[in-house]
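Student: Contents are mmCIF, C-alpha atoms and all ligand atoms; file name data08.cif:
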```cif
data_protein
loop_
_atom_site.label_atom_id
_atom_site.label_comp_id
_atom_site.auth_asym_id
_atom_site.auth_seq_id
_atom_site.Cartn_x
_atom_site.Cartn_y
_atom_site.Cartn_z
CA MET A 1397 -16.82 -19.51 -1.97
CA SER A 1398 -16.94 -20.23 1.72
CA ASP A 1399 -14.18 -17.91 2.93
CA ALA A 1400 -16.57 -14.99 3.34
CA LEU A 1401 -15.57 -12.30 5.81
CA LEU A 1402 -19.22 -11.35 6.28
CA GLU A 1403 -22.13 -13.61 5.43
CA VAL A 1404 -25.56 -11.99 5.63
CA SER A 1405 -28.55 -14.34 5.37
CA ASP A 1406 -32.20 -13.38 5.16
CA LEU A 1407 -31.71 -10.11 7.02
CA ARG A 1408 -35.02 -8.46 7.90
CA VAL A 1409 -35.67 -5.16 9.63
CA THR A 1410 -39.15 -3.83 10.37
CA PHE A 1411 -40.40 -0.66 12.05
CA PRO A 1412 -43.89 -0.03 13.39
CA ALA A 1413 -45.59 2.52 11.10
CA ARG A 1414 -49.12 3.89 11.30
CA GLY A 1415 -50.43 0.69 12.84
CA ARG A 1416 -48.73 -1.42 10.16
CA GLU A 1417 -45.30 -2.84 9.67
CA LEU A 1418 -42.74 -1.01 7.55
CA ARG A 1419 -40.39 -3.58 6.03
CA ALA A 1420 -37.24 -1.53 5.61
CA VAL A 1421 -35.10 -4.58 4.83
CA ASP A 1422 -36.87 -7.65 3.56
CA GLY A 1423 -34.86 -10.84 3.27
CA VAL A 1424 -31.44 -9.61 2.17
CA SER A 1425 -28.59 -12.12 1.68
CA TYR A 1426 -25.07 -11.50 0.44
CA SER A 1427 -21.42 -12.15 1.27
CA VAL A 1428 -18.41 -9.88 1.47
CA TYR A 1429 -14.91 -11.28 0.94
CA ALA A 1430 -11.62 -10.04 2.33
CA GLY A 1431 -10.15 -7.28 0.20
CA GLN A 1432 -13.34 -6.93 -1.86
CA THR A 1433 -15.15 -3.69 -2.69
CA LEU A 1434 -18.88 -4.29 -2.64
CA ALA A 1435 -21.28 -1.50 -3.59
CA ILE A 1436 -24.88 -1.41 -2.42
CA VAL A 1437 -26.83 0.93 -4.65
CA GLY A 1438 -30.44 2.12 -4.75
CA GLU A 1439 -32.61 5.19 -4.52
CA SER A 1440 -33.12 6.97 -1.24
CA GLY A 1441 -35.34 4.93 1.09
CA SER A 1442 -34.49 1.52 -0.40
CA GLY A 1443 -33.08 0.17 2.89
CA LYS A 1444 -29.34 0.58 2.36
CA THR A 1445 -28.55 2.45 5.57
CA VAL A 1446 -30.90 0.39 7.74
CA SER A 1447 -29.37 -2.86 6.48
CA CYS A 1448 -25.84 -1.65 7.36
CA ARG A 1449 -26.78 -0.17 10.71
CA ALA A 1450 -28.39 -3.51 11.58
CA LEU A 1451 -24.95 -5.14 11.17
CA MET A 1452 -23.43 -2.61 13.56
CA GLY A 1453 -26.21 -2.77 16.17
CA LEU A 1454 -26.88 0.91 15.48
CA LEU A 1455 -30.66 0.92 14.98
CA PRO A 1456 -33.18 2.53 17.35
CA PRO A 1457 -34.95 0.18 19.79
CA THR A 1458 -38.17 0.35 17.71
CA ALA A 1459 -36.46 -1.68 14.98
CA ALA A 1460 -37.11 -5.43 14.92
CA VAL A 1461 -34.15 -7.24 13.39
CA ALA A 1462 -34.17 -10.88 12.25
CA GLY A 1463 -31.92 -13.11 10.19
CA SER A 1464 -28.22 -13.72 10.44
CA ALA A 1465 -24.98 -11.88 9.82
CA LEU A 1466 -21.85 -13.92 10.44
CA LEU A 1467 -18.61 -12.02 10.69
CA ARG A 1468 -15.83 -14.57 10.37
CA GLY A 1469 -18.34 -17.10 11.63
CA SER A 1470 -19.49 -15.13 14.64
CA GLU A 1471 -23.13 -13.96 14.79
CA LEU A 1472 -23.74 -10.19 14.94
CA ILE A 1473 -27.53 -10.14 15.01
CA GLY A 1474 -29.02 -10.19 18.49
CA LEU A 1475 -25.82 -9.25 20.33
CA SER A 1476 -26.11 -7.12 23.46
CA ASP A 1477 -24.74 -3.58 23.28
CA ASP A 1478 -21.66 -4.64 25.20
CA GLU A 1479 -20.95 -7.59 22.94
CA MET A 1480 -21.49 -5.43 19.86
CA ARG A 1481 -19.11 -2.79 21.11
CA ARG A 1482 -16.31 -5.32 20.99
CA HIS A 1483 -16.85 -5.82 17.26
CA ARG A 1484 -17.53 -2.20 16.42
CA GLY A 1485 -14.32 -0.51 15.42
CA THR A 1486 -12.15 -3.61 15.64
CA ASP A 1487 -14.01 -5.80 13.14
CA ILE A 1488 -16.39 -3.42 11.40
CA ALA A 1489 -16.32 0.36 11.23
CA MET A 1490 -18.61 2.77 9.45
CA VAL A 1491 -18.16 6.22 7.91
CA PHE A 1492 -21.29 8.31 7.37
CA GLN A 1493 -22.41 11.01 4.97
CA ASP A 1494 -22.23 13.93 7.32
CA PRO A 1495 -18.85 14.32 9.05
CA ALA A 1496 -19.93 17.65 10.54
CA ARG A 1497 -22.62 15.90 12.54
CA SER A 1498 -20.54 12.86 13.50
CA LEU A 1499 -17.67 14.93 14.93
CA ASN A 1500 -17.86 16.69 18.26
CA PRO A 1501 -17.73 20.44 17.43
CA THR A 1502 -16.31 21.39 20.84
CA MET A 1503 -13.39 18.97 20.82
CA ARG A 1504 -10.11 19.29 18.97
CA VAL A 1505 -9.64 16.89 16.07
CA GLY A 1506 -6.58 15.22 17.60
CA ALA A 1507 -8.37 14.56 20.89
CA GLN A 1508 -11.24 12.86 19.06
CA ILE A 1509 -8.92 10.50 17.21
CA THR A 1510 -6.87 9.84 20.35
CA GLU A 1511 -10.08 9.02 22.22
CA ALA A 1512 -11.09 6.52 19.54
CA ILE A 1513 -7.70 4.80 19.83
CA ARG A 1514 -7.84 4.67 23.62
CA ALA A 1515 -11.40 3.32 23.58
CA HIS A 1516 -10.01 0.09 22.10
CA HIS A 1517 -6.36 -0.14 23.13
CA ASN A 1518 -4.95 0.64 26.52
CA ALA A 1519 -2.38 2.90 24.95
CA GLY A 1520 -0.89 5.67 27.05
CA ARG A 1521 -1.77 9.26 26.19
CA ALA A 1522 1.52 10.01 24.41
CA GLU A 1523 1.46 6.75 22.48
CA ALA A 1524 -2.17 7.25 21.40
CA ARG A 1525 -1.28 10.77 20.32
CA GLU A 1526 1.55 9.50 18.13
CA GLN A 1527 -0.77 6.89 16.62
CA ALA A 1528 -3.37 9.61 15.96
CA VAL A 1529 -0.86 11.75 14.06
CA GLU A 1530 0.14 8.62 12.15
CA LEU A 1531 -3.51 8.02 11.23
CA LEU A 1532 -3.83 11.59 9.97
CA ARG A 1533 -0.80 10.94 7.78
CA LEU A 1534 -2.35 7.68 6.59
CA VAL A 1535 -5.44 9.56 5.38
CA HIS A 1536 -3.17 12.16 3.71
CA MET A 1537 -4.24 15.02 5.92
CA PRO A 1538 -2.22 18.07 4.92
CA VAL A 1539 0.02 19.29 7.78
CA PRO A 1540 -1.26 16.65 10.23
CA ARG A 1541 0.40 18.07 13.35
CA ARG A 1542 -1.28 21.41 12.87
CA ARG A 1543 -4.71 19.87 12.17
CA PHE A 1544 -4.35 17.98 15.41
CA THR A 1545 -5.04 21.07 17.49
CA GLU A 1546 -7.83 22.44 15.29
CA TYR A 1547 -11.59 22.15 15.75
CA PRO A 1548 -13.83 20.48 13.13
CA HIS A 1549 -15.25 23.82 11.92
CA GLN A 1550 -11.73 24.92 10.93
CA LEU A 1551 -11.50 22.08 8.41
CA SER A 1552 -13.02 21.75 4.94
CA GLY A 1553 -15.68 19.08 4.29
CA GLY A 1554 -13.13 16.83 2.63
CA MET A 1555 -10.70 17.18 5.56
CA ARG A 1556 -13.48 16.44 8.05
CA GLN A 1557 -14.28 13.28 6.13
CA ARG A 1558 -10.57 12.35 6.29
CA VAL A 1559 -10.79 12.74 10.08
CA MET A 1560 -13.84 10.46 10.17
CA ILE A 1561 -11.98 7.87 8.11
CA ALA A 1562 -8.98 8.15 10.46
CA ILE A 1563 -11.30 7.50 13.43
CA ALA A 1564 -12.90 4.55 11.64
CA LEU A 1565 -9.44 3.11 10.95
CA ALA A 1566 -8.19 3.63 14.51
CA CYS A 1567 -8.55 -0.09 15.24
CA ARG A 1568 -7.77 -1.41 11.77
CA PRO A 1569 -11.19 -2.90 11.00
CA ARG A 1570 -11.50 -5.85 8.66
CA LEU A 1571 -14.56 -4.30 7.06
CA LEU A 1572 -15.18 -0.60 6.45
CA ILE A 1573 -18.69 0.50 5.53
CA ALA A 1574 -18.83 3.90 3.82
CA ASP A 1575 -22.46 5.05 3.80
CA GLU A 1576 -22.83 7.90 1.27
CA ALA A 1577 -19.44 8.98 2.61
CA THR A 1578 -18.75 11.25 -0.37
CA THR A 1579 -22.29 12.39 -1.17
CA ALA A 1580 -22.00 15.77 0.57
CA LEU A 1581 -18.67 16.60 -1.11
CA ASP A 1582 -17.94 18.36 -4.38
CA VAL A 1583 -16.97 16.18 -7.34
CA THR A 1584 -13.20 16.70 -7.04
CA THR A 1585 -13.13 16.04 -3.29
CA GLN A 1586 -15.43 13.06 -3.80
CA ALA A 1587 -12.91 11.51 -6.20
CA GLN A 1588 -10.04 12.19 -3.78
CA ILE A 1589 -11.86 10.51 -0.88
CA MET A 1590 -12.79 7.53 -3.05
CA GLU A 1591 -9.17 7.14 -4.15
CA LEU A 1592 -8.12 7.36 -0.51
CA LEU A 1593 -10.58 4.65 0.53
CA LEU A 1594 -9.35 2.30 -2.19
CA GLU A 1595 -5.72 2.99 -1.35
CA LEU A 1596 -6.33 2.31 2.35
CA GLN A 1597 -8.24 -0.83 1.53
CA ASP A 1598 -5.26 -2.06 -0.43
CA GLU A 1599 -2.74 -1.06 2.20
CA LEU A 1600 -4.67 -2.47 5.15
CA GLY A 1601 -6.24 -5.46 3.35
CA MET A 1602 -9.76 -4.42 4.37
CA ALA A 1603 -13.03 -5.21 2.71
CA LEU A 1604 -14.95 -2.11 1.72
CA MET A 1605 -18.71 -1.68 1.43
CA LEU A 1606 -19.71 1.39 -0.56
CA ILE A 1607 -23.29 2.42 0.14
CA SER A 1608 -24.55 4.92 -2.41
CA HIS A 1609 -27.55 6.16 -4.37
CA ASP A 1610 -25.09 6.70 -7.24
CA LEU A 1611 -24.67 3.79 -9.63
CA GLY A 1612 -21.99 5.78 -11.47
CA LEU A 1613 -19.83 5.80 -8.35
CA ALA A 1614 -20.34 2.05 -7.91
CA ALA A 1615 -19.42 1.55 -11.55
CA SER A 1616 -16.15 3.37 -11.12
CA TYR A 1617 -14.97 1.82 -7.88
CA ALA A 1618 -16.64 -1.48 -6.93
CA ASP A 1619 -15.77 -5.10 -7.76
CA GLU A 1620 -19.27 -6.33 -7.05
CA VAL A 1621 -22.57 -4.42 -7.16
CA ILE A 1622 -25.82 -5.08 -5.30
CA VAL A 1623 -28.90 -3.11 -6.35
CA MET A 1624 -31.67 -2.66 -3.77
CA TYR A 1625 -35.26 -1.65 -4.32
CA ALA A 1626 -37.92 -1.38 -1.62
CA GLY A 1627 -35.89 -3.26 0.97
CA ARG A 1628 -34.86 -6.13 -1.28
CA ILE A 1629 -31.92 -7.03 -3.47
CA VAL A 1630 -33.17 -6.93 -7.06
CA GLU A 1631 -29.90 -7.49 -8.93
CA GLN A 1632 -26.32 -8.45 -8.09
CA ALA A 1633 -23.30 -9.09 -10.29
CA PRO A 1634 -19.60 -8.34 -10.61
CA ALA A 1635 -19.37 -4.70 -11.76
CA PRO A 1636 -18.01 -5.38 -15.28
CA ARG A 1637 -20.68 -7.98 -15.89
CA LEU A 1638 -23.49 -5.73 -14.67
CA PHE A 1639 -22.36 -2.90 -16.88
CA ALA A 1640 -22.01 -5.18 -19.88
CA ARG A 1641 -25.40 -6.80 -19.49
CA VAL A 1642 -27.82 -5.37 -16.98
CA ARG A 1643 -30.95 -7.52 -16.64
CA MET A 1644 -33.29 -5.84 -14.17
CA PRO A 1645 -35.32 -2.90 -15.57
CA TYR A 1646 -34.79 -0.92 -12.36
CA THR A 1647 -31.01 -1.19 -12.67
CA GLU A 1648 -31.31 -0.19 -16.31
CA ALA A 1649 -33.31 2.89 -15.28
CA LEU A 1650 -30.62 3.77 -12.72
CA PHE A 1651 -28.02 3.53 -15.49
CA GLU A 1652 -30.01 5.85 -17.69
CA ALA A 1653 -30.18 8.35 -14.82
CA ILE A 1654 -26.39 8.59 -14.42
CA PRO A 1655 -25.38 12.12 -15.43
CA ARG A 1656 -23.15 12.10 -18.50
CA LEU A 1657 -20.59 14.66 -19.51
CA GLU A 1658 -21.74 14.69 -23.10
CA ARG A 1659 -25.29 15.64 -22.10
CA PRO A 1660 -25.96 19.18 -23.38
CA ALA A 1661 -25.91 21.87 -20.70
CA HIS A 1662 -29.34 22.78 -19.32
CA SER A 1663 -30.94 19.58 -20.54
CA PRO A 1664 -32.89 18.15 -17.61
CA LEU A 1665 -31.25 15.35 -15.71
CA PRO A 1666 -33.12 12.15 -16.44
CA VAL A 1667 -34.77 10.66 -13.40
CA ILE A 1668 -36.64 7.44 -12.97
CA GLY A 1669 -40.30 8.09 -13.63
CA GLY A 1670 -42.77 7.58 -10.82
CA ARG A 1671 -42.11 7.64 -7.11
CA PRO A 1672 -40.37 5.15 -4.87
CA PRO A 1673 -42.99 2.97 -3.19
CA ASP A 1674 -44.50 3.49 0.24
CA MET A 1675 -42.54 0.93 2.21
CA ALA A 1676 -45.40 0.45 4.68
CA ASP A 1677 -47.81 -0.31 1.83
CA LEU A 1678 -46.00 -2.19 -0.92
CA PRO A 1679 -47.96 -3.38 -3.96
CA ALA A 1680 -48.63 -7.09 -4.43
CA GLY A 1681 -46.28 -8.71 -6.92
CA CYS A 1682 -43.12 -6.96 -8.12
CA SER A 1683 -42.70 -3.75 -6.13
CA PHE A 1684 -41.18 -2.01 -9.18
CA ALA A 1685 -44.19 -2.80 -11.41
CA PRO A 1686 -45.93 0.62 -11.01
CA ARG A 1687 -42.83 2.29 -12.52
CA CYS A 1688 -41.65 -0.42 -14.91
CA ARG A 1689 -41.97 0.03 -18.68
CA GLY A 1690 -42.00 -3.73 -19.18
CA ALA A 1691 -44.54 -4.64 -16.48
CA MET A 1692 -47.10 -7.28 -17.44
CA ASP A 1693 -50.00 -8.86 -15.59
CA ASP A 1694 -47.89 -11.63 -14.08
CA CYS A 1695 -45.55 -9.00 -12.56
CA ARG A 1696 -48.44 -7.49 -10.61
CA ALA A 1697 -49.65 -10.90 -9.46
CA THR A 1698 -46.50 -12.52 -8.09
CA ALA A 1699 -43.22 -11.05 -6.87
CA PRO A 1700 -40.27 -12.45 -8.85
CA PRO A 1701 -37.79 -14.27 -6.61
CA LEU A 1702 -34.12 -13.29 -6.57
CA ALA A 1703 -32.19 -16.13 -8.17
CA GLU A 1704 -28.78 -16.74 -9.71
CA HIS A 1705 -29.89 -17.07 -13.33
CA GLU A 1706 -26.38 -16.94 -14.74
CA PRO A 1707 -23.11 -17.73 -12.96
CA GLY A 1708 -22.42 -14.92 -10.47
CA HIS A 1709 -25.38 -12.87 -11.70
CA ARG A 1710 -28.56 -12.70 -9.61
CA TRP A 1711 -31.72 -10.81 -10.48
CA ALA A 1712 -35.38 -10.70 -9.52
CA CYS A 1713 -37.49 -10.08 -12.61
CA TRP A 1714 -39.97 -12.06 -14.73
CA HIS A 1715 -39.08 -10.24 -17.95
CA PRO A 1716 -35.43 -9.20 -17.81
CA VAL A 1717 -34.01 -6.80 -20.38
CA ASN A 1718 -31.11 -7.58 -22.73
CA GLY A 1719 -31.82 -11.22 -23.36
CA GLY A 1720 -35.42 -12.27 -23.91
CA THR A 1721 -37.87 -13.61 -21.38
CA ASP A 1722 -36.87 -15.64 -18.44
CA ALA A 1723 -39.46 -18.34 -18.40
CA ALA A 1724 -36.98 -20.81 -16.91
CA ALA A 1725 -37.05 -18.92 -13.63
CA ARG A 1726 -40.73 -19.69 -13.00
N1 LIG B 1801 -35.82 4.89 12.69
C1 LIG B 1801 -36.71 4.60 11.74
N2 LIG B 1801 -38.02 4.45 12.04
C2 LIG B 1801 -38.93 4.15 11.07
N3 LIG B 1801 -38.62 3.98 9.78
C3 LIG B 1801 -37.34 4.13 9.41
C4 LIG B 1801 -36.30 4.44 10.37
N4 LIG B 1801 -35.11 4.52 9.71
C5 LIG B 1801 -35.40 4.27 8.42
N5 LIG B 1801 -36.71 4.03 8.24
C6 LIG B 1801 -37.38 3.69 6.97
O1 LIG B 1801 -36.74 2.56 6.43
C7 LIG B 1801 -36.68 2.65 5.02
C8 LIG B 1801 -35.24 2.47 4.55
O2 LIG B 1801 -34.48 3.58 4.97
P1 LIG B 1801 -32.92 3.72 4.71
O3 LIG B 1801 -32.27 2.44 5.00
O4 LIG B 1801 -32.47 4.89 5.48
O5 LIG B 1801 -32.86 4.02 3.15
P2 LIG B 1801 -31.59 4.40 2.27
O6 LIG B 1801 -30.38 4.38 3.13
O7 LIG B 1801 -31.56 3.38 1.19
O8 LIG B 1801 -31.89 5.76 1.73
C9 LIG B 1801 -37.29 3.99 4.64
O9 LIG B 1801 -38.63 3.78 4.25
C10 LIG B 1801 -37.20 4.77 5.93
O10 LIG B 1801 -38.23 5.72 5.99
S1 LIG B 1802 -40.89 -8.36 -12.74
FE1 LIG B 1802 -42.05 -7.23 -14.25
S2 LIG B 1802 -42.52 -5.27 -13.24
FE2 LIG B 1802 -40.88 -6.22 -12.08
S3 LIG B 1802 -39.04 -5.35 -12.94
FE3 LIG B 1802 -39.41 -7.28 -14.04
S4 LIG B 1802 -40.60 -6.69 -15.84
FE4 LIG B 1802 -40.67 -4.96 -14.43
MG MG B 1803 -29.03 5.97 3.50
#
```
Show the structure stored in the file as structure tokens.
Ligand SMILES: Nc1ncnc2c1ncn2[C@@H]1O[C@H](COP(=O)(O)OP(=O)(O)O)[C@@H](O)[C@H]1O
Ligand code: SF4
Ligand SMILES: [Mg+2]

Tutor:
Amino acid sequence: MSDALLEVSDLRVTFPARGRELRAVDGVSYSVYAGQTLAIVGESGSGKTVSCRALMGLLPPTAAVAGSALLRGSELIGLSDDEMRRHRGTDIAMVFQDPARSLNPTMRVGAQITEAIRAHHNAGRAEAREQAVELLRLVHMPVPRRRFTEYPHQLSGGMRQRVMIAIALACRPRLLIADEATTALDVTTQAQIMELLLELQDELGMALMLISHDLGLAASYADEVIVMYAGRIVEQAPAPRLFARVRMPYTEALFEAIPRLERPAHSPLPVIGGRPPDMADLPAGCSFAPRCRGAMDDCRATAPPLAEHEPGHRWACWHPVNGGTDAAAR
């Protein structure tokens, strides 16, 4: 397909770390299509947030960013702050995990949304105010006119996240990136916010990128799933395909770690054995090898390349699960 909304190619982000180079994102390539929901999943520290912030020009100056990210054909990587600001909000917007920290505690909710609208449109005060109330309705804020005059601390976590989504939608972005946007919320509120995001995506025709450590969440809501480990994509497939036939042992381990309702109470939650790797000191070969049940000598010698082994299904593993060895990839 060539009608990608966003086309990321060989994205790399490094930070200086203890005299070495920390490769937070190491050669990531993927596309997002209009109207699609793409999930990027992986344990904490795998490079999900850094890869998204790189697209938005939101990394600290110590970060070195290379590669390409074309948004409707226009390059995002290497833009000046001013040039990036024109895209931010109008083309891409991002919602973060912690709405309490992203909102200004001393400013009324309505004023913050109005300000976001006026930052992009030269709407008059009254017009922007009407649009802001409309946005609060769009995100199903209960009693929107009353919330308008309240401060963030007067709202629940779920309502604050609705405000953040309203701000992100102020300029009707083509792509909305939700980075752990529901992680801090209780399960019921999490489901409500996810339903809201999907509904808005449908209504506004946006593409949605769901960034999460939770493969279960990706399973429930995404069309396409990318799994990251140690700064790289290790598996990617349409969600139904991935769940029918996972190939990469790391993805399989993530599946096994999804909490299940039928698990007896008090039984310990399964976690993936071993620790995530030190990103400034990755092992030679496959970076998952120290934790992989199926690791063999060749895994420790040479890193498996990410390749599309089956139509629409990419993985990076010498000995994939659920289907014999993968000698053809070598
Ligand atoms: N500002 C920074 N300076 C140095 N290292 C960073 C910075 N931000 C993130 N990192 C490192 O980059 C790696 C990826 O981080 P991140 O993208 O936040 O992971 P994730 O979102 O998947 O949990 C981690 O090893 C993290 O410690
Ligand atoms: S390449 Fe080897 S170590 Fe890496 S995930 Fe596959 S089987 Fe495990
Ligand atoms: Mg993160």

Student: Write out as a list in words the residues lying within 7 Å of Glu1546 in chain A, counting only C-alpha atoms and excluding same-chain residues fewer than 4 positions away.

Tutor: Arg1504, Val1505 and Gln1550 of chain A

Student: Quick one: everything within 10 Å of Ser1616 in chain A, counting only C-alpha atoms, minus sequence neighbours fewer than 5 positions away in the same chain. Send it as a short mmCIF file (atom, residue, chain, number, x, y, z; two decimals) with C-alpha atoms, keeping the file's coordinate frame.

Tutor:
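Final file, part_20.cif:
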```
data_model
loop_
_atom_site.label_atom_id
_atom_site.label_comp_id
_atom_site.auth_asym_id
_atom_site.auth_seq_id
_atom_site.Cartn_x
_atom_site.Cartn_y
_atom_site.Cartn_z
CA MET A 1590 -12.79 7.53 -3.05
CA LEU A 1611 -24.67 3.79 -9.63
CA ALA A 1635 -19.37 -4.70 -11.76
CA PRO A 1636 -18.01 -5.38 -15.28
#
```

Student: Distance table requested - chain A against ligand LIG 1802 (chain B), cut-off 12 Å, only C-alpha atoms and all ligand atoms: one row per qualifying residue with the closest atom pair and its distance in Å to one decimal, ordered by chain and rising residue number, as JSON lines.

Tutor:
```
{"residue": "A:Tyr1625", "atom": "CA", "partner": "B:LIG1802", "partner_atom": "S3", "distance": 10.1}
{"residue": "A:Ala1626", "atom": "CA", "partner": "B:LIG1802", "partner_atom": "FE2", "distance": 11.9}
{"residue": "A:Ile1629", "atom": "CA", "partner": "B:LIG1802", "partner_atom": "S3", "distance": 12.0}
{"residue": "A:Val1630", "atom": "CA", "partner": "B:LIG1802", "partner_atom": "S3", "distance": 8.5}
{"residue": "A:Glu1631", "atom": "CA", "partner": "B:LIG1802", "partner_atom": "S3", "distance": 10.2}
{"residue": "A:Val1642", "atom": "CA", "partner": "B:LIG1802", "partner_atom": "S3", "distance": 11.9}
{"residue": "A:Arg1643", "atom": "CA", "partner": "B:LIG1802", "partner_atom": "FE3", "distance": 8.9}
{"residue": "A:Met1644", "atom": "CA", "partner": "B:LIG1802", "partner_atom": "S3", "distance": 5.9}
{"residue": "A:Pro1645", "atom": "CA", "partner": "B:LIG1802", "partner_atom": "S3", "distance": 5.2}
{"residue": "A:Tyr1646", "atom": "CA", "partner": "B:LIG1802", "partner_atom": "S3", "distance": 6.2}
{"residue": "A:Thr1647", "atom": "CA", "partner": "B:LIG1802", "partner_atom": "S3", "distance": 9.0}
{"residue": "A:Glu1648", "atom": "CA", "partner": "B:LIG1802", "partner_atom": "S3", "distance": 9.9}
{"residue": "A:Ala1649", "atom": "CA", "partner": "B:LIG1802", "partner_atom": "S3", "distance": 10.3}
{"residue": "A:Pro1679", "atom": "CA", "partner": "B:LIG1802", "partner_atom": "S2", "distance": 10.9}
{"residue": "A:Ala1680", "atom": "CA", "partner": "B:LIG1802", "partner_atom": "S2", "distance": 10.9}
{"residue": "A:Gly1681", "atom": "CA", "partner": "B:LIG1802", "partner_atom": "FE2", "distance": 7.9}
{"residue": "A:Cys1682", "atom": "CA", "partner": "B:LIG1802", "partner_atom": "FE2", "distance": 4.6}
{"residue": "A:Ser1683", "atom": "CA", "partner": "B:LIG1802", "partner_atom": "FE2", "distance": 6.7}
{"residue": "A:Phe1684", "atom": "CA", "partner": "B:LIG1802", "partner_atom": "FE2", "distance": 5.1}
{"residue": "A:Ala1685", "atom": "CA", "partner": "B:LIG1802", "partner_atom": "S2", "distance": 3.5}
{"residue": "A:Pro1686", "atom": "CA", "partner": "B:LIG1802", "partner_atom": "S2", "distance": 7.2}
{"residue": "A:Arg1687", "atom": "CA", "partner": "B:LIG1802", "partner_atom": "S2", "distance": 7.6}
{"residue": "A:Cys1688", "atom": "CA", "partner": "B:LIG1802", "partner_atom": "FE4", "distance": 4.7}
{"residue": "A:Arg1689", "atom": "CA", "partner": "B:LIG1802", "partner_atom": "FE4", "distance": 6.7}
{"residue": "A:Gly1690", "atom": "CA", "partner": "B:LIG1802", "partner_atom": "S4", "distance": 4.7}
{"residue": "A:Ala1691", "atom": "CA", "partner": "B:LIG1802", "partner_atom": "S2", "distance": 3.9}
{"residue": "A:Met1692", "atom": "CA", "partner": "B:LIG1802", "partner_atom": "FE1", "distance": 6.0}
{"residue": "A:Asp1693", "atom": "CA", "partner": "B:LIG1802", "partner_atom": "FE1", "distance": 8.2}
{"residue": "A:Asp1694", "atom": "CA", "partner": "B:LIG1802", "partner_atom": "FE1", "distance": 7.3}
{"residue": "A:Cys1695", "atom": "CA", "partner": "B:LIG1802", "partner_atom": "FE1", "distance": 4.3}
{"residue": "A:Arg1696", "atom": "CA", "partner": "B:LIG1802", "partner_atom": "S2", "distance": 6.8}
{"residue": "A:Ala1697", "atom": "CA", "partner": "B:LIG1802", "partner_atom": "S1", "distance": 9.7}
{"residue": "A:Thr1698", "atom": "CA", "partner": "B:LIG1802", "partner_atom": "S1", "distance": 8.4}
{"residue": "A:Ala1699", "atom": "CA", "partner": "B:LIG1802", "partner_atom": "S1", "distance": 6.9}
{"residue": "A:Pro1700", "atom": "CA", "partner": "B:LIG1802", "partner_atom": "S1", "distance": 5.7}
{"residue": "A:Pro1701", "atom": "CA", "partner": "B:LIG1802", "partner_atom": "S1", "distance": 9.1}
{"residue": "A:Leu1702", "atom": "CA", "partner": "B:LIG1802", "partner_atom": "S1", "distance": 10.4}
{"residue": "A:Trp1711", "atom": "CA", "partner": "B:LIG1802", "partner_atom": "FE3", "distance": 9.2}
{"residue": "A:Ala1712", "atom": "CA", "partner": "B:LIG1802", "partner_atom": "S1", "distance": 6.8}
{"residue": "A:Cys1713", "atom": "CA", "partner": "B:LIG1802", "partner_atom": "FE3", "distance": 3.7}
{"residue": "A:Trp1714", "atom": "CA", "partner": "B:LIG1802", "partner_atom": "S1", "distance": 4.3}
{"residue": "A:His1715", "atom": "CA", "partner": "B:LIG1802", "partner_atom": "S4", "distance": 4.4}
{"residue": "A:Pro1716", "atom": "CA", "partner": "B:LIG1802", "partner_atom": "FE3", "distance": 5.8}
{"residue": "A:Val1717", "atom": "CA", "partner": "B:LIG1802", "partner_atom": "S4", "distance": 8.0}
{"residue": "A:Asn1718", "atom": "CA", "partner": "B:LIG1802", "partner_atom": "S4", "distance": 11.8}
{"residue": "A:Gly1720", "atom": "CA", "partner": "B:LIG1802", "partner_atom": "S4", "distance": 11.1}
{"residue": "A:Thr1721", "atom": "CA", "partner": "B:LIG1802", "partner_atom": "S4", "distance": 9.3}
{"residue": "A:Asp1722", "atom": "CA", "partner": "B:LIG1802", "partner_atom": "FE3", "distance": 9.8}
{"residue": "A:Ala1723", "atom": "CA", "partner": "B:LIG1802", "partner_atom": "S1", "distance": 11.6}
{"residue": "A:Ala1725", "atom": "CA", "partner": "B:LIG1802", "partner_atom": "S1", "distance": 11.3}
{"residue": "A:Arg1726", "atom": "CA", "partner": "B:LIG1802", "partner_atom": "S1", "distance": 11.3}
```

Student: Using only C-alpha atoms, can you tell me which of A:Asp1619, A:Glu1704, A:Glu1599, A:Asp1477 comes closest to Leu1534 in chain A?

Tutor: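 Going through A:Asp1619, A:Glu1704, A:Glu1599, A:Asp1477 one by one, the smallest distance to Leu1534 in chain A is for A:Glu1599.
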
Student: Given all atoms listed in the file as the basis, pick out the residue of A:Ser1464, A:Ser1608, A:Gln1557, A:Thr1579 nearest to ligand LIG 1801 (chain B).

Tutor: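 Among the listed residues, A:Ser1608 lies closest to ligand LIG 1801 (chain B).
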
Student: Considering all atoms listed in the file, can you say which of A:Leu1402, A:Ala1574, A:Leu1472, A:Val1446 comes closest to ligand LIG 1801 (chain B)?

Tutor: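 Among the listed residues, the smallest separation from ligand LIG 1801 (chain B) belongs to A:Val1446.
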
Student: Enter the distance from CA of Thr1502 in chain A to atom C4 of ligand LIG 1801 (chain B), in Å, rounded to one decimal.

Tutor: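 Atom-to-atom, CA of Thr1502 in chain A to atom C4 of ligand LIG 1801 (chain B), that is 28.2 Å.
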
Student: I want to know what sits within 7 Å of His1609 in chain A, based on only C-alpha atoms, with residues of the same chain fewer than 6 positions away left out; could you give that as a PDB file with C-alpha atoms, in the coordinates of the input?

Tutor:
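Just written: out.pdb:
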```pdb
ATOM      1  CA  VAL A1437     -26.830   0.930  -4.650  1.00  0.00           C
ATOM      2  CA  GLY A1438     -30.440   2.120  -4.750  1.00  0.00           C
ATOM      3  CA  GLU A1439     -32.610   5.190  -4.520  1.00  0.00           C
ATOM      4  CA  SER A1440     -33.120   6.970  -1.240  1.00  0.00           C
TER       5      SER A1440
END
```
